[in-house]
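Notes follow once the structure below has been shown.
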Amino acid sequence: MHKCPKCGHESFSKSIKLSHGPALSKECENCHAQVSVPYWSALIMPLTLTKLFILNRLHLPRWLRLPIPILAFTFALFVYYKYVPLIVKLQEGEEGYMRQKIANAVIFILSISLMCSVFYFS
Ligand SMILES: [Zn+2]
């Protein structure tokens, strides 16, 4: 179980990080805070894809073409599961709400730009 970042109660199942992206949130059953993952976690998959596109350009031996993407995605999932924290999603009117919204928008744009540039240059 994962602890609520606000009250510390073990309210969330182990699968919450994988089933809930940064755009979704889930309510803590104890303190009713809306909990989610930070938007920077959305950068992990585009970075993994970028890595794979760069590796693809290196003309690796044929026998490495399947294991490398599998390892890269397994590693990305491990990093996501192990190091992405749960955060309290601030509600309108709470202190820091606008800062969190702006940071999320910037990271979202960076993530989309990264994905687009990878597909454009590949
Ligand atoms: Zn809580």
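Chain labels run A, B, ... following the order of the structure tokens; each chain numbers its residues from 1, and ligands are numbered from 1 in the order shown.
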
If you run DSSP on this backbone, which residues of stretch 2-119 of chain A come out as alpha helix (DSSP H), and could you give them as a PDB file with N, CA and C atoms, in the first residue's frame?
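Saved file states.pdb follows:
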```
ATOM      1  N   ILE A  16      -1.861   2.203  -7.985  1.00  0.00           N
ATOM      2  CA  ILE A  16      -2.367   3.549  -8.281  1.00  0.00           C
ATOM      3  C   ILE A  16      -1.445   4.343  -9.210  1.00  0.00           C
ATOM      4  N   LYS A  17      -0.128   4.195  -9.040  1.00  0.00           N
ATOM      5  CA  LYS A  17       0.790   4.981  -9.879  1.00  0.00           C
ATOM      6  C   LYS A  17       0.699   4.554 -11.337  1.00  0.00           C
ATOM      7  N   LEU A  18       0.489   3.274 -11.563  1.00  0.00           N
ATOM      8  CA  LEU A  18       0.445   2.780 -12.933  1.00  0.00           C
ATOM      9  C   LEU A  18      -0.929   2.994 -13.565  1.00  0.00           C
ATOM     10  N   SER A  19      -1.963   3.011 -12.740  1.00  0.00           N
ATOM     11  CA  SER A  19      -3.303   3.169 -13.307  1.00  0.00           C
ATOM     12  C   SER A  19      -3.739   4.625 -13.372  1.00  0.00           C
ATOM     13  N   ILE A  44       8.854  10.550 -18.489  1.00  0.00           N
ATOM     14  CA  ILE A  44       9.623   9.305 -18.470  1.00  0.00           C
ATOM     15  C   ILE A  44       9.436   8.518 -19.766  1.00  0.00           C
ATOM     16  N   MET A  45       8.205   8.385 -20.232  1.00  0.00           N
ATOM     17  CA  MET A  45       7.979   7.598 -21.452  1.00  0.00           C
ATOM     18  C   MET A  45       8.550   8.276 -22.709  1.00  0.00           C
ATOM     19  N   PRO A  46       8.324   9.587 -22.935  1.00  0.00           N
ATOM     20  CA  PRO A  46       8.959  10.234 -24.094  1.00  0.00           C
ATOM     21  C   PRO A  46      10.480  10.140 -24.053  1.00  0.00           C
ATOM     22  N   LEU A  47      11.078  10.237 -22.867  1.00  0.00           N
ATOM     23  CA  LEU A  47      12.536  10.110 -22.758  1.00  0.00           C
ATOM     24  C   LEU A  47      12.979   8.698 -23.134  1.00  0.00           C
ATOM     25  N   THR A  48      12.194   7.699 -22.740  1.00  0.00           N
ATOM     26  CA  THR A  48      12.508   6.319 -23.101  1.00  0.00           C
ATOM     27  C   THR A  48      12.416   6.133 -24.613  1.00  0.00           C
ATOM     28  N   LEU A  49      11.360   6.694 -25.219  1.00  0.00           N
ATOM     29  CA  LEU A  49      11.213   6.591 -26.667  1.00  0.00           C
ATOM     30  C   LEU A  49      12.368   7.292 -27.387  1.00  0.00           C
ATOM     31  N   THR A  50      12.767   8.462 -26.869  1.00  0.00           N
ATOM     32  CA  THR A  50      13.893   9.197 -27.455  1.00  0.00           C
ATOM     33  C   THR A  50      15.153   8.340 -27.444  1.00  0.00           C
ATOM     34  N   LYS A  51      15.378   7.726 -26.280  1.00  0.00           N
ATOM     35  CA  LYS A  51      16.541   6.836 -26.127  1.00  0.00           C
ATOM     36  C   LYS A  51      16.504   5.719 -27.176  1.00  0.00           C
ATOM     37  N   LEU A  52      15.308   5.143 -27.365  1.00  0.00           N
ATOM     38  CA  LEU A  52      15.170   4.035 -28.323  1.00  0.00           C
ATOM     39  C   LEU A  52      15.398   4.501 -29.757  1.00  0.00           C
ATOM     40  N   PHE A  53      14.913   5.702 -30.099  1.00  0.00           N
ATOM     41  CA  PHE A  53      15.119   6.214 -31.448  1.00  0.00           C
ATOM     42  C   PHE A  53      16.601   6.477 -31.698  1.00  0.00           C
ATOM     43  N   ILE A  54      17.288   6.998 -30.680  1.00  0.00           N
ATOM     44  CA  ILE A  54      18.724   7.239 -30.835  1.00  0.00           C
ATOM     45  C   ILE A  54      19.458   5.911 -31.011  1.00  0.00           C
ATOM     46  N   LEU A  55      19.090   4.916 -30.184  1.00  0.00           N
ATOM     47  CA  LEU A  55      19.717   3.591 -30.295  1.00  0.00           C
ATOM     48  C   LEU A  55      19.427   2.955 -31.646  1.00  0.00           C
ATOM     49  N   ASN A  56      18.237   3.207 -32.160  1.00  0.00           N
ATOM     50  CA  ASN A  56      17.841   2.645 -33.453  1.00  0.00           C
ATOM     51  C   ASN A  56      18.737   3.162 -34.580  1.00  0.00           C
ATOM     52  N   PRO A  67      15.437  -7.226 -27.473  1.00  0.00           N
ATOM     53  CA  PRO A  67      15.691  -7.077 -26.035  1.00  0.00           C
ATOM     54  C   PRO A  67      15.855  -5.625 -25.580  1.00  0.00           C
ATOM     55  N   ILE A  68      16.421  -4.758 -26.414  1.00  0.00           N
ATOM     56  CA  ILE A  68      16.662  -3.376 -25.961  1.00  0.00           C
ATOM     57  C   ILE A  68      15.359  -2.624 -25.665  1.00  0.00           C
ATOM     58  N   PRO A  69      14.364  -2.617 -26.567  1.00  0.00           N
ATOM     59  CA  PRO A  69      13.114  -1.935 -26.204  1.00  0.00           C
ATOM     60  C   PRO A  69      12.430  -2.548 -24.989  1.00  0.00           C
ATOM     61  N   ILE A  70      12.480  -3.885 -24.874  1.00  0.00           N
ATOM     62  CA  ILE A  70      11.845  -4.537 -23.719  1.00  0.00           C
ATOM     63  C   ILE A  70      12.538  -4.090 -22.428  1.00  0.00           C
ATOM     64  N   LEU A  71      13.872  -4.091 -22.440  1.00  0.00           N
ATOM     65  CA  LEU A  71      14.626  -3.640 -21.262  1.00  0.00           C
ATOM     66  C   LEU A  71      14.372  -2.172 -20.964  1.00  0.00           C
ATOM     67  N   ALA A  72      14.321  -1.351 -22.030  1.00  0.00           N
ATOM     68  CA  ALA A  72      14.119   0.095 -21.837  1.00  0.00           C
ATOM     69  C   ALA A  72      12.756   0.368 -21.207  1.00  0.00           C
ATOM     70  N   PHE A  73      11.706  -0.302 -21.705  1.00  0.00           N
ATOM     71  CA  PHE A  73      10.378  -0.068 -21.142  1.00  0.00           C
ATOM     72  C   PHE A  73      10.238  -0.658 -19.739  1.00  0.00           C
ATOM     73  N   THR A  74      10.876  -1.796 -19.493  1.00  0.00           N
ATOM     74  CA  THR A  74      10.844  -2.375 -18.150  1.00  0.00           C
ATOM     75  C   THR A  74      11.546  -1.433 -17.170  1.00  0.00           C
ATOM     76  N   PHE A  75      12.684  -0.877 -17.602  1.00  0.00           N
ATOM     77  CA  PHE A  75      13.426   0.057 -16.754  1.00  0.00           C
ATOM     78  C   PHE A  75      12.596   1.315 -16.490  1.00  0.00           C
ATOM     79  N   ALA A  76      11.925   1.820 -17.547  1.00  0.00           N
ATOM     80  CA  ALA A  76      11.090   3.020 -17.398  1.00  0.00           C
ATOM     81  C   ALA A  76       9.950   2.753 -16.409  1.00  0.00           C
ATOM     82  N   LEU A  77       9.318   1.592 -16.511  1.00  0.00           N
ATOM     83  CA  LEU A  77       8.234   1.251 -15.581  1.00  0.00           C
ATOM     84  C   LEU A  77       8.767   1.132 -14.157  1.00  0.00           C
ATOM     85  N   PHE A  78       9.960   0.546 -14.021  1.00  0.00           N
ATOM     86  CA  PHE A  78      10.576   0.413 -12.692  1.00  0.00           C
ATOM     87  C   PHE A  78      10.836   1.799 -12.094  1.00  0.00           C
ATOM     88  N   VAL A  79      11.435   2.691 -12.896  1.00  0.00           N
ATOM     89  CA  VAL A  79      11.738   4.053 -12.420  1.00  0.00           C
ATOM     90  C   VAL A  79      10.433   4.755 -12.033  1.00  0.00           C
ATOM     91  N   TYR A  80       9.420   4.608 -12.895  1.00  0.00           N
ATOM     92  CA  TYR A  80       8.124   5.252 -12.635  1.00  0.00           C
ATOM     93  C   TYR A  80       7.543   4.747 -11.323  1.00  0.00           C
ATOM     94  N   TYR A  81       7.536   3.433 -11.151  1.00  0.00           N
ATOM     95  CA  TYR A  81       6.918   2.833  -9.969  1.00  0.00           C
ATOM     96  C   TYR A  81       7.705   3.162  -8.705  1.00  0.00           C
ATOM     97  N   LYS A  82       9.018   3.123  -8.798  1.00  0.00           N
ATOM     98  CA  LYS A  82       9.869   3.256  -7.608  1.00  0.00           C
ATOM     99  C   LYS A  82      10.083   4.725  -7.197  1.00  0.00           C
ATOM    100  N   TYR A  83      10.274   5.629  -8.190  1.00  0.00           N
ATOM    101  CA  TYR A  83      10.729   6.970  -7.838  1.00  0.00           C
ATOM    102  C   TYR A  83       9.706   8.090  -8.022  1.00  0.00           C
ATOM    103  N   TYR A  97      -1.787  26.663  -5.673  1.00  0.00           N
ATOM    104  CA  TYR A  97      -2.597  26.053  -6.736  1.00  0.00           C
ATOM    105  C   TYR A  97      -2.161  26.538  -8.112  1.00  0.00           C
ATOM    106  N   MET A  98      -2.004  27.879  -8.252  1.00  0.00           N
ATOM    107  CA  MET A  98      -1.631  28.441  -9.560  1.00  0.00           C
ATOM    108  C   MET A  98      -0.227  27.985  -9.968  1.00  0.00           C
ATOM    109  N   ARG A  99       0.706  27.963  -9.009  1.00  0.00           N
ATOM    110  CA  ARG A  99       2.084  27.531  -9.269  1.00  0.00           C
ATOM    111  C   ARG A  99       2.078  26.082  -9.787  1.00  0.00           C
ATOM    112  N   GLN A 100       1.297  25.225  -9.131  1.00  0.00           N
ATOM    113  CA  GLN A 100       1.214  23.825  -9.550  1.00  0.00           C
ATOM    114  C   GLN A 100       0.612  23.717 -10.958  1.00  0.00           C
ATOM    115  N   LYS A 101      -0.424  24.536 -11.227  1.00  0.00           N
ATOM    116  CA  LYS A 101      -1.070  24.520 -12.546  1.00  0.00           C
ATOM    117  C   LYS A 101      -0.089  24.943 -13.647  1.00  0.00           C
ATOM    118  N   ILE A 102       0.669  26.039 -13.390  1.00  0.00           N
ATOM    119  CA  ILE A 102       1.608  26.547 -14.393  1.00  0.00           C
ATOM    120  C   ILE A 102       2.738  25.535 -14.621  1.00  0.00           C
ATOM    121  N   ALA A 103       3.282  24.985 -13.546  1.00  0.00           N
ATOM    122  CA  ALA A 103       4.351  23.983 -13.678  1.00  0.00           C
ATOM    123  C   ALA A 103       3.851  22.780 -14.477  1.00  0.00           C
ATOM    124  N   ASN A 104       2.623  22.359 -14.219  1.00  0.00           N
ATOM    125  CA  ASN A 104       2.054  21.227 -14.957  1.00  0.00           C
ATOM    126  C   ASN A 104       1.931  21.548 -16.439  1.00  0.00           C
ATOM    127  N   ALA A 105       1.484  22.760 -16.763  1.00  0.00           N
ATOM    128  CA  ALA A 105       1.309  23.153 -18.161  1.00  0.00           C
ATOM    129  C   ALA A 105       2.659  23.178 -18.874  1.00  0.00           C
ATOM    130  N   VAL A 106       3.689  23.737 -18.212  1.00  0.00           N
ATOM    131  CA  VAL A 106       5.028  23.822 -18.815  1.00  0.00           C
ATOM    132  C   VAL A 106       5.569  22.418 -19.081  1.00  0.00           C
ATOM    133  N   ILE A 107       5.438  21.540 -18.105  1.00  0.00           N
ATOM    134  CA  ILE A 107       5.943  20.174 -18.264  1.00  0.00           C
ATOM    135  C   ILE A 107       5.163  19.435 -19.346  1.00  0.00           C
ATOM    136  N   PHE A 108       3.862  19.672 -19.406  1.00  0.00           N
ATOM    137  CA  PHE A 108       3.035  19.030 -20.429  1.00  0.00           C
ATOM    138  C   PHE A 108       3.502  19.462 -21.822  1.00  0.00           C
ATOM    139  N   ILE A 109       3.746  20.773 -21.995  1.00  0.00           N
ATOM    140  CA  ILE A 109       4.199  21.295 -23.296  1.00  0.00           C
ATOM    141  C   ILE A 109       5.569  20.721 -23.648  1.00  0.00           C
ATOM    142  N   LEU A 110       6.479  20.660 -22.655  1.00  0.00           N
ATOM    143  CA  LEU A 110       7.811  20.074 -22.880  1.00  0.00           C
ATOM    144  C   LEU A 110       7.693  18.625 -23.328  1.00  0.00           C
ATOM    145  N   SER A 111       6.818  17.893 -22.678  1.00  0.00           N
ATOM    146  CA  SER A 111       6.637  16.482 -22.990  1.00  0.00           C
ATOM    147  C   SER A 111       6.122  16.297 -24.419  1.00  0.00           C
ATOM    148  N   ILE A 112       5.126  17.082 -24.797  1.00  0.00           N
ATOM    149  CA  ILE A 112       4.565  16.995 -26.151  1.00  0.00           C
ATOM    150  C   ILE A 112       5.627  17.408 -27.182  1.00  0.00           C
ATOM    151  N   SER A 113       6.383  18.489 -26.885  1.00  0.00           N
ATOM    152  CA  SER A 113       7.429  18.958 -27.804  1.00  0.00           C
ATOM    153  C   SER A 113       8.483  17.880 -28.013  1.00  0.00           C
ATOM    154  N   LEU A 114       8.879  17.238 -26.924  1.00  0.00           N
ATOM    155  CA  LEU A 114       9.885  16.186 -27.002  1.00  0.00           C
ATOM    156  C   LEU A 114       9.396  15.043 -27.892  1.00  0.00           C
ATOM    157  N   MET A 115       8.143  14.634 -27.673  1.00  0.00           N
ATOM    158  CA  MET A 115       7.572  13.550 -28.484  1.00  0.00           C
ATOM    159  C   MET A 115       7.536  13.941 -29.963  1.00  0.00           C
ATOM    160  N   CYS A 116       7.073  15.165 -30.231  1.00  0.00           N
ATOM    161  CA  CYS A 116       6.955  15.618 -31.623  1.00  0.00           C
ATOM    162  C   CYS A 116       8.335  15.689 -32.283  1.00  0.00           C
ATOM    163  N   SER A 117       9.338  16.212 -31.561  1.00  0.00           N
ATOM    164  CA  SER A 117      10.657  16.345 -32.165  1.00  0.00           C
ATOM    165  C   SER A 117      11.272  14.966 -32.430  1.00  0.00           C
ATOM    166  N   VAL A 118      11.004  13.996 -31.548  1.00  0.00           N
ATOM    167  CA  VAL A 118      11.518  12.642 -31.768  1.00  0.00           C
ATOM    168  C   VAL A 118      10.920  12.066 -33.054  1.00  0.00           C
ATOM    169  N   PHE A 119       9.602  12.214 -33.240  1.00  0.00           N
ATOM    170  CA  PHE A 119       8.972  11.656 -34.428  1.00  0.00           C
ATOM    171  C   PHE A 119       9.372  12.441 -35.673  1.00  0.00           C
TER     172      PHE A 119
END
```

Write down as a list in words the residues of stretch 7-117 of chain A whose backbone DSSP state falls under strand (DSSP E).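 Everything in stretch 7-117 of chain A that counts as strand (DSSP E) is Glu10, Ser11, Phe12, Lys26, Glu27, Gln34, Val35, Ser36, Ile87 and Val88 of chain A.
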
Keeping C-alpha atoms, export the residues of the selection given above as an mmCIF file, in the first residue's frame.
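Output file again-v3.cif follows:
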```cif
data_model
loop_
_atom_site.group_PDB
_atom_site.id
_atom_site.type_symbol
_atom_site.label_atom_id
_atom_site.label_comp_id
_atom_site.auth_asym_id
_atom_site.auth_seq_id
_atom_site.Cartn_x
_atom_site.Cartn_y
_atom_site.Cartn_z
ATOM 1 C CA GLU A 10 -2.115 3.792 3.801
ATOM 2 C CA SER A 11 -4.997 4.582 1.492
ATOM 3 C CA PHE A 12 -3.746 3.681 -1.961
ATOM 4 C CA LYS A 26 -7.868 9.660 -6.460
ATOM 5 C CA GLU A 27 -9.360 10.675 -3.134
ATOM 6 C CA GLN A 34 -7.018 14.451 -4.065
ATOM 7 C CA VAL A 35 -3.810 12.511 -4.693
ATOM 8 C CA SER A 36 -2.010 12.048 -7.992
ATOM 9 C CA ILE A 87 1.467 14.241 -4.399
ATOM 10 C CA VAL A 88 -1.540 16.141 -3.146
#
```

Write out as a Markdown table the residues of chain A that have any atom within 7 Å of an atom of ligand 1, one row each with the nearest atom pair and its distance in Å to one decimal, counting only C-alpha atoms and all ligand atoms, sorted by chain and then rising number.
```
| residue | atom | partner | partner_atom_place_in_ligand_line | distance |
| --- | --- | --- | --- | --- |
| A:Cys4 | CA | ligand 1 | 1 (Zn) | 4.6 |
| A:Pro5 | CA | ligand 1 | 1 (Zn) | 6.7 |
| A:Lys6 | CA | ligand 1 | 1 (Zn) | 5.1 |
| A:Cys7 | CA | ligand 1 | 1 (Zn) | 4.2 |
| A:Gly8 | CA | ligand 1 | 1 (Zn) | 6.1 |
| A:His9 | CA | ligand 1 | 1 (Zn) | 5.7 |
| A:Ser11 | CA | ligand 1 | 1 (Zn) | 6.9 |
| A:Cys28 | CA | ligand 1 | 1 (Zn) | 4.6 |
| A:Glu29 | CA | ligand 1 | 1 (Zn) | 6.6 |
| A:Asn30 | CA | ligand 1 | 1 (Zn) | 5.0 |
| A:Cys31 | CA | ligand 1 | 1 (Zn) | 4.1 |
| A:His32 | CA | ligand 1 | 1 (Zn) | 6.0 |
| A:Ala33 | CA | ligand 1 | 1 (Zn) | 5.6 |
```

Print the selection's residues with N, CA and C atoms to a file, as a CSV table (one decimal), in the first residue's frame.
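Below is the file out_14.csv, written as the result:
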```csv
chain,number,residue,atom,x,y,z
A,4,CYS,N,-0.7,8.1,2.0
A,4,CYS,CA,-1.2,9.4,1.5
A,4,CYS,C,-0.2,10.4,1.8
A,5,PRO,N,0.2,11.3,0.8
A,5,PRO,CA,1.2,12.3,1.1
A,5,PRO,C,0.8,13.4,2.1
A,6,LYS,N,-0.5,13.5,2.3
A,6,LYS,CA,-1.0,14.5,3.2
A,6,LYS,C,-1.2,14.0,4.7
A,7,CYS,N,-1.8,12.8,4.9
A,7,CYS,CA,-2.1,12.4,6.2
A,7,CYS,C,-1.3,11.1,6.6
A,8,GLY,N,-0.6,10.5,5.6
A,8,GLY,CA,0.2,9.3,6.0
A,8,GLY,C,-0.5,8.0,6.1
A,9,HIS,N,-1.8,8.1,6.0
A,9,HIS,CA,-2.7,6.8,6.0
A,9,HIS,C,-2.4,6.0,4.8
A,11,SER,N,-3.7,4.5,2.2
A,11,SER,CA,-5.0,4.6,1.5
A,11,SER,C,-5.0,4.1,0.1
A,28,CYS,N,-8.2,10.3,-1.1
A,28,CYS,CA,-7.7,9.6,0.1
A,28,CYS,C,-9.0,9.3,1.0
A,29,GLU,N,-9.1,8.0,1.4
A,29,GLU,CA,-10.3,7.6,2.1
A,29,GLU,C,-10.3,8.2,3.5
A,30,ASN,N,-9.1,8.6,4.0
A,30,ASN,CA,-9.0,9.1,5.4
A,30,ASN,C,-9.2,10.6,5.4
A,31,CYS,N,-8.4,11.4,4.6
A,31,CYS,CA,-8.4,12.9,4.7
A,31,CYS,C,-9.1,13.5,3.5
A,32,HIS,N,-9.5,12.8,2.6
A,32,HIS,CA,-10.3,13.2,1.4
A,32,HIS,C,-9.4,14.1,0.4
A,33,ALA,N,-8.1,14.1,0.6
A,33,ALA,CA,-7.2,14.9,-0.3
A,33,ALA,C,-7.2,14.2,-1.7
```
